[in-house]
Every structure is written in structure tokens, then in C-alpha cells.
$ cat upload_29.csv   # CSV, C-alpha atoms and all ligand atoms
chain,number,residue,atom,x,y,z
A,111,MET,CA,23.2,5.3,1.7
A,112,VAL,CA,23.5,7.2,-1.6
A,113,ASP,CA,20.7,9.7,-1.9
A,114,THR,CA,19.3,9.5,-5.4
A,115,ILE,CA,16.6,12.1,-5.1
A,116,VAL,CA,16.9,15.7,-6.4
A,117,LEU,CA,14.5,17.9,-4.4
A,118,PRO,CA,12.6,21.0,-5.7
A,119,PRO,CA,14.5,24.3,-5.4
A,120,VAL,CA,13.1,26.8,-2.9
A,121,ASP,CA,11.5,28.9,-5.7
A,122,ALA,CA,9.7,25.8,-7.3
A,123,MET,CA,5.9,26.0,-7.5
A,124,THR,CA,4.2,24.4,-4.5
A,125,GLU,CA,0.8,22.8,-4.1
A,126,ALA,CA,-0.6,25.9,-2.4
A,127,GLU,CA,0.2,27.9,-5.5
A,128,ILE,CA,-1.8,25.8,-7.9
A,129,ASP,CA,-4.7,27.8,-9.3
A,130,PRO,CA,-7.8,26.0,-7.9
A,131,THR,CA,-9.8,26.7,-11.1
A,132,LEU,CA,-7.2,24.9,-13.2
A,133,ASP,CA,-8.4,21.8,-15.2
A,134,LEU,CA,-5.5,19.7,-13.8
A,135,GLU,CA,-6.0,16.8,-16.2
A,136,ALA,CA,-6.0,19.1,-19.3
A,137,GLU,CA,-2.9,20.9,-17.9
A,138,ILE,CA,-1.1,17.6,-17.4
A,139,GLU,CA,-1.9,16.6,-21.0
A,140,ARG,CA,-0.7,19.9,-22.3
A,141,LEU,CA,2.6,19.8,-20.3
A,142,LYS,CA,3.1,16.2,-21.3
A,143,ARG,CA,3.0,17.2,-25.0
A,144,GLU,CA,5.1,20.3,-24.5
A,145,LYS,CA,7.9,18.4,-22.7
A,146,ASN,CA,7.6,15.2,-24.6
A,147,ALA,CA,6.9,13.3,-21.4
A,148,VAL,CA,5.4,9.9,-20.8
A,149,ILE,CA,3.5,9.0,-17.7
A,150,LEU,CA,4.0,5.4,-16.4
A,151,ALA,CA,1.9,4.2,-13.5
A,152,HIS,CA,1.8,1.2,-11.3
A,153,TYR,CA,-1.6,-0.6,-10.7
A,154,TYR,CA,-1.4,0.5,-7.0
A,155,GLN,CA,-1.8,4.2,-7.9
A,156,ASP,CA,-5.0,6.1,-7.3
A,157,GLY,CA,-7.6,5.5,-10.1
A,158,GLU,CA,-7.3,9.1,-11.4
A,159,ILE,CA,-3.5,8.7,-11.9
A,160,GLN,CA,-4.0,5.4,-13.6
A,161,ASP,CA,-6.5,7.0,-15.9
A,162,ILE,CA,-4.2,9.8,-17.0
A,163,ALA,CA,-1.2,7.5,-17.5
A,164,ASP,CA,0.1,6.5,-20.9
A,165,PHE,CA,0.8,3.0,-19.6
A,166,VAL,CA,-0.2,1.2,-16.5
A,167,GLY,CA,1.6,-2.0,-15.6
A,168,ASP,CA,3.4,-4.3,-13.1
A,169,SER,CA,7.0,-3.6,-12.2
A,170,LEU,CA,8.5,-5.8,-15.1
A,171,ASP,CA,6.3,-4.2,-17.8
A,172,LEU,CA,7.0,-0.7,-16.4
A,173,SER,CA,10.8,-1.4,-16.5
A,174,ARG,CA,10.5,-2.6,-20.1
A,175,LYS,CA,8.5,0.6,-21.0
A,176,ALA,CA,11.0,2.8,-19.3
A,177,ALA,CA,13.9,1.1,-21.2
A,178,ALA,CA,12.1,1.5,-24.6
A,179,THR,CA,10.5,4.9,-24.5
A,180,ASP,CA,11.7,7.7,-26.8
A,181,ALA,CA,10.1,10.4,-24.6
A,182,ASP,CA,12.5,13.0,-23.1
A,183,MET,CA,10.9,12.8,-19.6
A,184,ILE,CA,9.5,9.8,-17.7
A,185,VAL,CA,7.0,10.8,-15.0
A,186,PHE,CA,7.0,7.7,-12.8
A,187,CYS,CA,3.8,7.3,-10.8
A,188,GLY,CA,4.9,4.5,-8.5
A,189,VAL,CA,7.6,4.3,-5.8
A,190,LYS,CA,11.2,5.4,-5.7
A,191,PHE,CA,12.8,2.0,-6.5
A,192,MET,CA,10.7,1.9,-9.7
A,193,ALA,CA,11.8,5.4,-10.8
A,194,GLU,CA,15.4,4.5,-10.1
A,195,VAL,CA,15.1,1.5,-12.4
A,196,ALA,CA,13.7,3.8,-15.1
A,197,LYS,CA,16.7,6.1,-14.6
A,198,ILE,CA,19.2,3.2,-14.6
A,199,LEU,CA,17.8,1.8,-17.8
A,200,SER,CA,17.3,5.3,-19.5
A,201,PRO,CA,20.0,7.4,-18.0
A,202,ARG,CA,19.7,10.3,-20.6
A,203,LYS,CA,16.1,10.9,-19.8
A,204,THR,CA,14.8,13.1,-17.0
A,205,VAL,CA,13.0,10.8,-14.6
A,206,VAL,CA,10.6,12.4,-12.0
A,207,LEU,CA,8.6,11.0,-9.2
A,208,PRO,CA,5.6,13.0,-7.9
A,209,ASP,CA,6.4,12.5,-4.2
A,210,HIS,CA,10.1,12.1,-3.2
A,211,GLU,CA,9.0,10.1,0.0
A,212,ALA,CA,7.3,7.4,-2.0
A,213,GLY,CA,9.4,4.5,-0.7
A,214,CYS,CA,8.8,0.8,0.1
A,215,SER,CA,8.9,-1.2,3.3
A,216,LEU,CA,10.9,-3.9,1.5
A,217,GLU,CA,13.5,-1.5,0.4
A,218,ASP,CA,13.7,-0.1,3.9
A,219,SER,CA,14.2,-3.6,5.4
A,220,CYS,CA,17.3,-4.2,3.3
A,221,ARG,CA,20.0,-1.5,3.7
A,222,PRO,CA,23.1,-1.8,1.5
A,223,LYS,CA,25.7,-2.3,4.3
A,224,PRO,CA,23.9,-5.3,6.0
A,225,PHE,CA,23.1,-6.7,2.6
A,226,ARG,CA,26.8,-6.6,1.6
A,227,HIS,CA,27.6,-8.2,4.9
A,228,PHE,CA,25.0,-11.0,4.2
A,229,ARG,CA,26.7,-11.6,0.9
A,230,GLU,CA,30.2,-11.7,2.4
A,231,LYS,CA,29.0,-14.3,4.9
A,232,HIS,CA,27.9,-16.6,2.0
A,233,PRO,CA,30.6,-16.1,-0.6
A,234,ASP,CA,29.6,-19.3,-2.5
A,235,HIS,CA,26.0,-18.1,-3.1
A,236,VAL,CA,24.7,-16.1,-6.0
A,237,SER,CA,22.2,-13.4,-5.0
A,238,VAL,CA,18.8,-13.2,-6.6
A,239,THR,CA,17.3,-9.9,-5.5
A,240,TYR,CA,13.7,-8.7,-5.8
A,241,ILE,CA,13.4,-5.4,-7.7
A,242,ASN,CA,11.9,-3.8,-4.6
A,243,CYS,CA,15.2,-2.6,-3.3
A,244,SER,CA,17.6,0.4,-3.6
A,245,ALA,CA,20.0,1.0,-6.5
A,246,GLU,CA,22.8,0.2,-4.1
A,247,VAL,CA,21.4,-3.2,-3.2
A,248,LYS,CA,20.9,-3.9,-6.9
A,249,ALA,CA,24.5,-3.0,-7.5
A,250,ALA,CA,25.6,-5.6,-4.9
A,251,SER,CA,23.4,-8.3,-6.5
A,252,ASP,CA,23.9,-10.8,-9.3
A,253,TYR,CA,20.4,-11.0,-10.6
A,254,ILE,CA,17.3,-8.8,-10.2
A,255,VAL,CA,13.8,-10.4,-10.5
A,256,THR,CA,10.2,-9.2,-10.2
A,257,SER,CA,7.3,-11.3,-9.1
A,258,SER,CA,6.4,-12.1,-12.7
A,259,ASN,CA,9.8,-13.5,-13.8
A,260,ALA,CA,11.4,-14.7,-10.6
A,261,GLU,CA,10.5,-18.4,-10.9
A,262,HIS,CA,11.5,-18.4,-14.6
A,263,ILE,CA,14.9,-16.9,-13.9
A,264,ILE,CA,15.6,-19.1,-10.8
A,265,ASN,CA,14.9,-22.2,-12.9
A,266,GLN,CA,17.6,-21.1,-15.3
A,267,LEU,CA,20.3,-21.1,-12.6
A,268,PRO,CA,22.4,-24.2,-12.1
A,269,GLU,CA,20.6,-26.6,-9.7
A,270,ASP,CA,23.7,-27.0,-7.5
A,271,LYS,CA,24.3,-23.3,-7.2
A,272,PRO,CA,23.2,-22.0,-3.7
A,273,ILE,CA,21.2,-18.8,-3.8
A,274,LEU,CA,20.5,-15.9,-1.4
A,275,PHE,CA,17.1,-14.3,-1.9
A,276,ALA,CA,16.4,-10.7,-0.6
A,277,PRO,CA,14.5,-8.8,0.6
A,278,ASP,CA,11.0,-10.4,0.7
A,279,ARG,CA,10.9,-13.6,2.8
A,280,HIS,CA,7.3,-14.5,1.8
A,281,LEU,CA,8.1,-14.2,-1.9
A,282,GLY,CA,11.3,-16.1,-1.3
A,283,ALA,CA,9.5,-18.9,0.6
A,284,TYR,CA,6.9,-19.1,-2.2
A,285,LEU,CA,9.7,-19.4,-4.8
A,286,ASN,CA,11.4,-22.1,-2.8
A,287,ARG,CA,8.1,-24.1,-2.8
A,288,LYS,CA,7.6,-23.5,-6.5
A,289,THR,CA,11.2,-24.3,-7.7
A,290,GLY,CA,12.2,-26.9,-5.1
A,291,ARG,CA,15.3,-24.7,-4.2
A,292,ASP,CA,16.4,-23.9,-0.7
A,293,MET,CA,17.3,-20.3,-1.1
A,294,LEU,CA,18.6,-18.5,2.0
A,295,LEU,CA,16.0,-15.7,2.7
A,296,TRP,CA,16.5,-12.1,3.9
A,297,PRO,CA,13.8,-11.4,6.5
A,298,GLY,CA,12.0,-8.5,4.8
A,299,THR,CA,8.2,-8.1,4.3
A,300,CYS,CA,5.7,-5.8,2.6
A,301,ILE,CA,3.7,-4.0,5.2
A,302,VAL,CA,0.6,-4.2,2.9
A,303,HIS,CA,0.6,-7.9,2.0
A,304,GLU,CA,1.6,-9.0,5.5
A,305,GLN,CA,-1.6,-7.7,7.0
A,306,PHE,CA,-4.2,-9.9,5.4
A,307,SER,CA,-5.9,-12.1,7.9
A,308,GLU,CA,-6.3,-15.8,7.2
A,309,GLN,CA,-9.2,-16.1,9.6
A,310,GLU,CA,-11.1,-13.2,8.0
A,311,LEU,CA,-10.3,-14.6,4.6
A,312,ILE,CA,-11.8,-17.9,5.5
A,313,LYS,CA,-15.0,-16.1,6.8
A,314,LEU,CA,-15.2,-14.2,3.5
A,315,LYS,CA,-14.8,-17.4,1.5
A,316,VAL,CA,-17.6,-19.0,3.4
A,317,ARG,CA,-19.9,-16.2,2.4
A,318,HIS,CA,-18.6,-16.3,-1.2
A,319,PRO,CA,-17.9,-20.0,-1.8
A,320,ASP,CA,-17.6,-19.7,-5.6
A,321,ALA,CA,-15.3,-16.7,-5.6
A,322,PRO,CA,-11.7,-17.6,-6.6
A,323,VAL,CA,-9.0,-15.9,-4.6
A,324,ALA,CA,-6.2,-14.2,-6.5
A,325,ALA,CA,-3.1,-13.3,-4.4
A,326,HIS,CA,0.2,-11.6,-4.8
A,327,PRO,CA,3.2,-13.7,-3.8
A,328,GLU,CA,4.3,-11.1,-1.2
A,329,CYS,CA,1.5,-12.5,0.9
A,330,PRO,CA,2.4,-15.0,3.7
A,331,GLU,CA,2.0,-18.7,3.0
A,332,SER,CA,-1.2,-18.8,5.3
A,333,ILE,CA,-2.9,-16.5,2.7
A,334,LEU,CA,-1.3,-18.1,-0.5
A,335,GLY,CA,-2.6,-21.5,0.7
A,336,HIS,CA,-6.1,-20.3,0.0
A,337,ALA,CA,-5.3,-18.8,-3.5
A,338,ASP,CA,-6.6,-20.1,-6.8
A,339,HIS,CA,-4.1,-17.8,-8.6
A,340,VAL,CA,-0.8,-16.5,-7.3
A,341,GLY,CA,1.2,-14.0,-9.4
A,342,SER,CA,2.3,-10.5,-10.2
A,343,THR,CA,-0.2,-7.7,-10.4
A,344,ARG,CA,-0.6,-8.0,-14.1
A,345,THR,CA,-1.2,-11.8,-14.0
A,346,ILE,CA,-3.8,-11.2,-11.2
A,347,LEU,CA,-5.6,-8.8,-13.5
A,348,ASP,CA,-5.4,-11.1,-16.5
A,349,PHE,CA,-6.7,-14.0,-14.3
A,350,VAL,CA,-9.8,-12.2,-13.2
A,351,ILE,CA,-10.5,-11.0,-16.7
A,352,GLN,CA,-10.2,-14.4,-18.3
A,353,SER,CA,-11.9,-16.4,-15.5
A,354,GLU,CA,-15.6,-17.4,-15.9
A,355,ALA,CA,-16.3,-16.6,-12.3
A,356,ASP,CA,-18.3,-13.5,-11.5
A,357,THR,CA,-16.9,-12.7,-8.0
A,358,PHE,CA,-13.3,-12.6,-6.9
A,359,ILE,CA,-11.4,-12.1,-3.6
A,360,ILE,CA,-8.3,-10.0,-4.3
A,361,ALA,CA,-5.3,-10.3,-1.9
A,362,THR,CA,-3.1,-7.5,-3.0
A,363,GLU,CA,-3.1,-3.7,-2.9
A,364,GLN,CA,-6.7,-2.7,-3.6
A,365,HIS,CA,-6.1,0.1,-6.1
A,366,ILE,CA,-5.7,-2.6,-8.8
A,367,ILE,CA,-9.4,-3.2,-8.5
A,368,HIS,CA,-9.8,0.1,-10.5
A,369,GLN,CA,-8.4,-1.7,-13.6
A,370,MET,CA,-10.5,-4.8,-12.8
A,371,GLN,CA,-13.7,-2.8,-12.7
A,372,LYS,CA,-12.8,-1.0,-16.0
A,373,ALA,CA,-11.9,-4.3,-17.8
A,374,ALA,CA,-14.7,-6.4,-16.3
A,375,PRO,CA,-17.5,-4.0,-15.2
A,376,ASP,CA,-20.0,-6.8,-14.6
A,377,LYS,CA,-17.8,-8.7,-12.2
A,378,THR,CA,-17.5,-8.2,-8.4
A,379,PHE,CA,-14.2,-7.7,-6.7
A,380,LEU,CA,-13.8,-8.1,-2.9
A,381,ALA,CA,-10.7,-6.9,-1.2
A,382,ALA,CA,-9.2,-9.6,1.1
A,383,PRO,CA,-9.7,-8.4,4.7
A,384,GLY,CA,-7.2,-7.5,7.4
A,385,ALA,CA,-7.3,-8.6,11.0
A,386,ASP,CA,-10.1,-6.3,12.0
A,387,GLY,CA,-12.2,-7.6,9.1
A,388,SER,CA,-11.8,-4.4,7.1
A,389,CYS,CA,-9.9,-4.0,3.9
A,390,ASN,CA,-8.2,-0.7,4.8
A,391,CYS,CA,-4.9,-2.5,5.3
A,392,ALA,CA,-4.7,-3.1,1.6
A,393,ASN,CA,-3.6,0.4,0.9
A,394,CYS,CA,0.1,1.1,0.2
A,395,PRO,CA,0.9,4.3,2.2
A,396,PHE,CA,3.9,5.0,-0.1
A,397,MET,CA,2.0,4.7,-3.3
A,398,ALA,CA,-0.7,6.9,-1.8
A,399,LEU,CA,1.7,9.8,-1.4
A,400,ASN,CA,1.4,10.5,-5.2
A,401,THR,CA,-1.5,12.7,-6.1
A,402,LEU,CA,-2.8,14.4,-9.3
A,403,GLU,CA,-1.6,17.7,-7.9
A,404,LYS,CA,2.0,16.4,-7.3
A,405,LEU,CA,1.9,14.8,-10.8
A,406,TYR,CA,1.1,18.2,-12.2
A,407,LEU,CA,3.8,19.9,-10.1
A,408,CYS,CA,6.6,17.5,-11.1
A,409,LEU,CA,5.8,18.1,-14.8
A,410,VAL,CA,6.0,21.9,-14.1
A,411,ASN,CA,9.1,21.8,-11.9
A,412,GLU,CA,10.8,18.7,-13.4
A,413,VAL,CA,11.6,17.6,-9.9
A,414,PRO,CA,11.6,15.6,-7.6
A,415,GLY,CA,14.0,13.9,-9.9
A,416,ILE,CA,16.2,10.8,-9.8
A,417,HIS,CA,19.9,11.2,-10.0
A,418,ILE,CA,22.2,8.2,-9.8
A,419,PRO,CA,26.0,8.6,-9.7
A,420,LYS,CA,27.5,7.0,-12.8
A,421,ASP,CA,29.5,4.2,-11.1
A,422,LEU,CA,26.5,3.1,-9.1
A,423,ARG,CA,24.3,3.2,-12.2
A,424,ILE,CA,26.7,1.0,-14.1
A,425,GLU,CA,26.9,-1.5,-11.3
A,426,ALA,CA,23.2,-1.6,-10.9
A,427,LEU,CA,22.6,-2.0,-14.6
A,428,THR,CA,24.4,-5.3,-14.9
A,429,PRO,CA,21.9,-7.4,-12.8
A,430,LEU,CA,19.0,-5.5,-14.3
A,431,GLU,CA,20.1,-6.3,-17.8
A,432,ARG,CA,20.5,-10.0,-16.8
A,433,MET,CA,16.9,-9.9,-15.6
A,434,LEU,CA,15.7,-8.5,-18.9
A,435,ASP,CA,17.8,-11.0,-20.9
A,436,LEU,CA,16.5,-14.0,-18.8
A,437,SER,CA,12.8,-12.9,-18.6
A,438,PRO,CA,10.1,-14.6,-20.6
A,439,PRO,CA,9.0,-12.6,-23.6
A,440,PRO,CA,6.4,-9.8,-22.9
A,441,VAL,CA,2.8,-10.9,-23.2
A,442,ALA,CA,0.1,-8.6,-24.6
A,443,SER,CA,-2.3,-8.1,-21.7
A,444,ALA,CA,-6.0,-7.9,-22.4
A,445,SER,CA,-6.2,-5.1,-19.8
A,446,GLN,CA,-3.5,-2.7,-20.8
A,447,ARG,CA,-4.1,0.7,-22.4
A,448,ASP,CA,-0.8,1.5,-24.1
A,449,ALA,CA,-0.2,5.0,-25.3
A,450,ALA,CA,3.4,5.0,-24.2
B,501,LIG,P1,4.4,-6.3,-9.2
B,501,LIG,O1,5.7,-6.6,-9.7
B,501,LIG,O2,3.4,-7.4,-9.2
B,501,LIG,O3,3.8,-5.1,-9.9
B,501,LIG,O4,4.5,-5.9,-7.7
B,501,LIG,C1,5.1,-4.7,-7.2
B,501,LIG,C2,4.9,-4.5,-5.8
B,501,LIG,O5,5.4,-3.5,-5.2
B,501,LIG,C3,4.0,-5.4,-5.1
B,501,LIG,O6,3.9,-4.9,-3.8
B,502,LIG,FE1,6.5,-1.8,-1.3
B,502,LIG,FE2,4.5,-3.2,-0.3
B,502,LIG,FE3,4.0,-0.8,-1.2
B,502,LIG,FE4,4.6,-2.8,-3.0
B,502,LIG,S1,2.8,-2.6,-1.7
B,502,LIG,S2,5.5,-0.7,-2.9
B,502,LIG,S3,6.1,-4.0,-1.7
B,502,LIG,S4,5.3,-1.3,0.6

$ encode --input "upload_29.csv" --output "C-alpha cells"
Amino acid sequence: MVDTIVLPPVDAMTEAEIDPTLDLEAEIERLKREKNAVILAHYYQDGEIQDIADFVGDSLDLSRKAAATDADMIVFCGVKFMAEVAKILSPRKTVVLPDHEAGCSLEDSCRPKPFRHFREKHPDHVSVTYINCSAEVKAASDYIVTSSNAEHIINQLPEDKPILFAPDRHLGAYLNRKTGRDMLLWPGTCIVHEQFSEQELIKLKVRHPDAPVAAHPECPESILGHADHVGSTRTILDFVIQSEADTFIIATEQHIIHQMQKAAPDKTFLAAPGADGSCNCANCPFMALNTLEKLYLCLVNEVPGIHIPKDLRIEALTPLERMLDLSPPPVASASQRDAA
């Protein structure tokens, strides 16, 4: 595996050295201006990180922002594959990620070597690969998709062309149902979305019969079968804002509820439960590694950073550019604060 992370040098400032009296938010704003940096954050980040970000979005919107920004530095508050996409699309910019260990279970499930082997076993198939994967897996793919453009892109591929879909088997199965295709699926899953319990969801629906369920397509079919809306994080947010209902059950990582409460403070949002009836399973442990302190430190130290060897970057760029070319046009979301 190519290591794309540049770690802090030994003399870099550490968390223990942060002055406890410091107004972190004000310092982050000051450093951001001084270094001409932009802070991009995913909806699964902690509320305080979302609040300080210049732009909060889903993985497609964040990729577009990273490609278009004229900042010198992109502080990517999300996980590593997202920061890598920013670097692939904006190679001359410094791209930093608050915690270098912020990975993704889908990326972990699909290593480059077995993925290339999978492709070699099916030479007549094109590969449509979910953006939640390493730069190396992207480089070995034909098309990259996100949950918000996958159906649209697959529908543009010739009907008789067989397709391999990696790495999320639940998203792949959902897309097979939506498009009528029979894509061969890589067996990866998201550890967060896989843990929702159908039985507990049914119990919650009985207690809230008028509450629509909004779910991310990384959830298993047993959960999606109960959903009134299935889509990317941004479409879930737009759905709850636009709906006339006043209570919703949310089957995705629960930090998105922060944006829902800001956009629709009079509505009630219930996190879909896990097997023990609690909603603790709806926390992405990788996203949770990023904190305000680490965000401050990566602005000070300009590391952990993303470095992608040129050849790999160029190979990974082609399927990403195909994705941007084939995506539906961006939609202005009612919920997005955009200072990027
Ligand atoms: P979105 O593309 O909907 O933002 O999803 C990203 C992700 O990692 C979901 O788990
Ligand atoms: Fe990866 Fe799942 Fe976390 Fe999204 S929620 S970053 S798919 S582990």
C-alpha cells in the first residue's frame, strides 16, 4: 500500500503544548486568514467542527469545493479518502487532515492488490467504485461515484456492459435494485450503517407512526425497506428540511442531526437504534478522531498532510474526472452555509 500521509516532525507542537487559556475558535479563524486556508467539513464531524467550517457537505459537494477553491491550504475535516480526493483534484494546494488515523472501514475492506485481482478475474467488466476507497483503488477503477451520483452515472453506462461495484455491498445491492443492473459486488460494509437493527427500528416506528425514516444507502436492505427517503447525507438533510412532518427517524451517522437541528429547530430527530436499542452505534469512530484541538494543530503545523506520488495521482484523477463530468449539476441546498 502506498502511504499518502505526511506525519508531524518530532519538534511539531503537540496537544499537550496547547495553551489551555487559548480561545481555540478565534485562533483557528486567525490562522485560517493568515495562511489563506479553507476548512471543509463532512456532516459526520462533531458539531463544533461543523460550526467553524467554511463549508459543510456530502462527499460529492466536498470534492467539488476542493476542486474549485482558490485557498492555498485545504483543512479537510473528514476522513483520509476525502482528503486524498482533495489533493488529487487540487495537487498544488497543501491538504491537511486533523488526525492521520481517520480512515474508513470501507477503504480497509478493499486493499489495492485483491481489488486488482478482482478486476483481472473479470476483464470484460468495467469497474464503478465508491469514493470511499484508497487512491490506489481509485487508480485501478474506471469510474468513481458517491452515494449522490451513483445511480445517475450507472444509468449512463451501456446496458449490456457488465459492471463490478466496490467496496460497499449494501450500496451496490441498492443500486442494483434501483437501476435493474446485476453488478458484481465487492463484499465490503460500513461498520456504522451495518449496525442499525431492523427490530429496534420497527419498535421505534410503532412509537412514532408519523415519523418518516430517512436512510443512507450504506444501510442493509432490511433497514432501507423501511425508509421513506434513501440518499446521500445532503439529500437526507434536504428531505427533513422540506418535509412537512415534525419528527424523523435518521438512519445514518448521527452527527448530521446537528445540521438538522440548526436548519429546522422546531422538528424532532430520532437516531435509528442499534441492536441493544441504543443509538451509540451511529457514531463513526474514524470521523470522531478529529477534534477542535487537532484542527488547530494541523493549521499551526501544516501536517498531518496528504502527499500522493505523481503517477498515482494522475491515474486516480482520470476516474474522478469522469465522475465530475457525468454527475448531475450541483444543487443549491437549503441547509448549506457556504463561506468557502
Ligand atoms: P455521503 O457521500 O452521503 O456524504 O457519505 C459519505 C460516507 O462516508 C457515508 O458513510
Ligand atoms: Fe467510512 Fe462508514 Fe465512517 Fe462513512 S461512516 S467514513 S463509510 S466508516

$ closest_residue --input "upload_29.csv" --among "A:Glu194, A:Asp376, A:Asp209, A:Glu363" --to "ligand LIG 501 (chain B)" --atoms "all atoms listed in the file"
A:Glu363

$ atom_distance --input "upload_29.csv" --atom1 "atom CA of Leu311 of chain A" --atom2 "atom CA of Pro330 of chain A"
12.7 Å

$ residues_near_ligand --input "upload_29.csv" --ligand "ligand LIG 502 (chain B)" --cutoff "6 Å" --atoms "all atoms listed in the file" --output "tab-separated table (two decimals) with C-alpha atoms, in the frame of the given file"
chain	number	residue	atom	x	y	z
A	214	CYS	CA	8.80	0.80	0.10
A	215	SER	CA	8.90	-1.20	3.30
A	216	LEU	CA	10.90	-3.90	1.50
A	300	CYS	CA	5.70	-5.80	2.60
A	301	ILE	CA	3.70	-4.00	5.20
A	302	VAL	CA	0.60	-4.20	2.90
A	394	CYS	CA	0.10	1.10	0.20
A	396	PHE	CA	3.90	5.00	-0.10

$ closest_residue --input "upload_29.csv" --among "A:Gln160, A:Thr299, A:Ser169, A:Asn286" --to "Asp218 of chain A" --atoms "only C-alpha atoms"
A:Thr299

$ closest_residue --input "upload_29.csv" --among "A:Glu230, A:Glu158, A:Asp171, A:Asp292" --to "ligand LIG 501 (chain B)" --atoms "all atoms listed in the file"
A:Asp171

$ residues_near_ligand --input "upload_29.csv" --ligand "ligand LIG 501 (chain B)" --cutoff "6 Å" --atoms "only C-alpha atoms and all ligand atoms" --output "PyMOL selection string"
chain A and resi 168-169+256-257+342-343

$ write_last_selection --input "upload_29.csv" --atoms "C-alpha atoms" --output "short mmCIF file (atom, residue, chain, number, x, y, z; two decimals), in the coordinates of the input"
data_model
loop_
_atom_site.label_atom_id
_atom_site.label_comp_id
_atom_site.auth_asym_id
_atom_site.auth_seq_id
_atom_site.Cartn_x
_atom_site.Cartn_y
_atom_site.Cartn_z
CA ASP A 168 3.40 -4.30 -13.10
CA SER A 169 7.00 -3.60 -12.20
CA THR A 256 10.20 -9.20 -10.20
CA SER A 257 7.30 -11.30 -9.10
CA SER A 342 2.30 -10.50 -10.20
CA THR A 343 -0.20 -7.70 -10.40
#

$ residues_around --input "upload_29.csv" --residues "Ala181 of chain A" --least-positions-apart "4" --cutoff "7 Å" --atoms "all atoms listed in the file" --output "ChimeraX atom specification"
/A:146-148

$ residues_around --input "upload_29.csv" --residues "Thr378 of chain A" --least-positions-apart "5" --cutoff "10 Å" --atoms "all atoms listed in the file" --output "PyMOL selection string"
chain A and resi 321+350+355-359+367+370-371

$ closest_residue --input "upload_29.csv" --among "A:Pro272, A:Gly213, A:Pro277, A:Pro414" --to "Met293 of chain A" --atoms "all atoms listed in the file"
A:Pro272

$ closest_residue --input "upload_29.csv" --among "A:Thr124, A:Lys142, A:Ile115, A:Val323" --to "Val189 of chain A" --atoms "only C-alpha atoms"
A:Ile115

$ closest_residue --input "upload_29.csv" --among "A:Lys231, A:His210, A:Lys223, A:Arg432" --to "Ala250 of chain A" --atoms "all atoms listed in the file"
A:Lys223
